[in-house]
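First the structure, in the form of structure tokens, and then the observations on it.
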Amino acid sequence: MRILLKEQITLEQLKDRIAQQFPDCQLSFRTKNLLIVKKSKTAAAMVMVGKQKVTVNEGFPSVGGQLVFVACILLLGILIPMIVYFSAFFPAQKKIRNEVADFVKQEYGQASTGSA
């Protein structure tokens, strides 16, 4: 989910504000440009800051979790792991992604002009 910014912010500033808003989540940097907002062992939001936008995606909170999922796809095929993923893991990941994205949009997003 992409959010256009009304002013430039850094990932450190965003981390501090997210930590205040979501005290029950663990925050960590996977790389210098990728912030992980971990809600549980299988649900996290990944936050990246660009020049005029913030991108918030859902995913697994650790590289190990992603590797296990990819290994399951390679060993079991695509259909079974995807059914399990969309029924068991994706709803919780989508929930934390939407919570973080709504917060960022409310705090730093551009005001929408016009109606669609």
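Quick note on naming: the chains in the structure tokens go A, B, ... in the order shown, residues restart at 1 in each chain, and ligands are numbered from 1 in order of appearance.
Near segment 98-108 of chain A, within a cut-off of 7 Å and counting only C-alpha atoms, sit the residues Ile3, Leu5, Lys6, Val56 and Lys94 of chain A, with same-chain residues fewer than 4 positions away left out.
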Problem set entry | segment 20-26 of chain A environment, 10 Å, only C-alpha atoms, sequence neighbours closer than 5 positions dropped, as a list in words |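 Using only C-alpha atoms, the neighbours found are Leu14, Lys15, Ile36, Val37, Lys38, Lys39, Ser40, Ala44, Pro61, Ile96, Glu99, Val100 and Phe103 of chain A.
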Problem set entry | Å distance separating atom CA of Thr31 of chain A from atom CA of Met1 of chain A, one decimal place |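 Computing it gives 19.4 Å between the two atoms.
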For this session: Using DSSP on the backbone, list every residue of chain A that comes out as strand (DSSP E), and give them as an MDAnalysis selection string.
Result: chainID A and resid 2:4 26:31 34:38 44:49 53:59
Problem set entry | Residues of chain A in helix (DSSP H, G or I), written as an MDAnalysis selection string | chainID A and resid 11:21 63:76 79:108
Exercise. Can you tell me, as number ranges by chain, what residues are no more than 8 Å from Gln93 of chain A when counting only C-alpha atoms, ignoring any on the same chain fewer than 2 positions away?
Worked result: A: 42-45, 58-60, 89-91, 95-97
Selected residues written out with C-alpha atoms, as a PDB file, in the first residue's frame:
```
ATOM      1  CA  THR A  42       3.648 -14.992  11.568  1.00  0.00           C
ATOM      2  CA  ALA A  43       2.290 -11.474  10.993  1.00  0.00           C
ATOM      3  CA  ALA A  44       4.198  -8.274  10.311  1.00  0.00           C
ATOM      4  CA  ALA A  45       4.060  -5.082   8.310  1.00  0.00           C
ATOM      5  CA  GLU A  58       2.341  -7.438   4.712  1.00  0.00           C
ATOM      6  CA  GLY A  59       4.628 -10.394   5.213  1.00  0.00           C
ATOM      7  CA  PHE A  60       6.428 -12.740   7.547  1.00  0.00           C
ATOM      8  CA  PHE A  89      -1.506 -16.378   7.618  1.00  0.00           C
ATOM      9  CA  PHE A  90      -2.731 -13.644   5.274  1.00  0.00           C
ATOM     10  CA  PRO A  91      -5.683 -12.325   7.358  1.00  0.00           C
ATOM     11  CA  LYS A  95      -4.781  -6.616   9.550  1.00  0.00           C
ATOM     12  CA  ILE A  96      -1.447  -5.292  10.846  1.00  0.00           C
ATOM     13  CA  ARG A  97      -0.613  -3.842   7.413  1.00  0.00           C
TER      14      ARG A  97
END
```
For this session: Pick out the residues sitting within 12 Å of Thr10 of chain A, and hand them over as an MDAnalysis selection string; count only C-alpha atoms, and ignore anything fewer than 2 positions along from it in its own chain.
Result: chainID A and resid 5 7:8 12:17 32:35 47:54 108
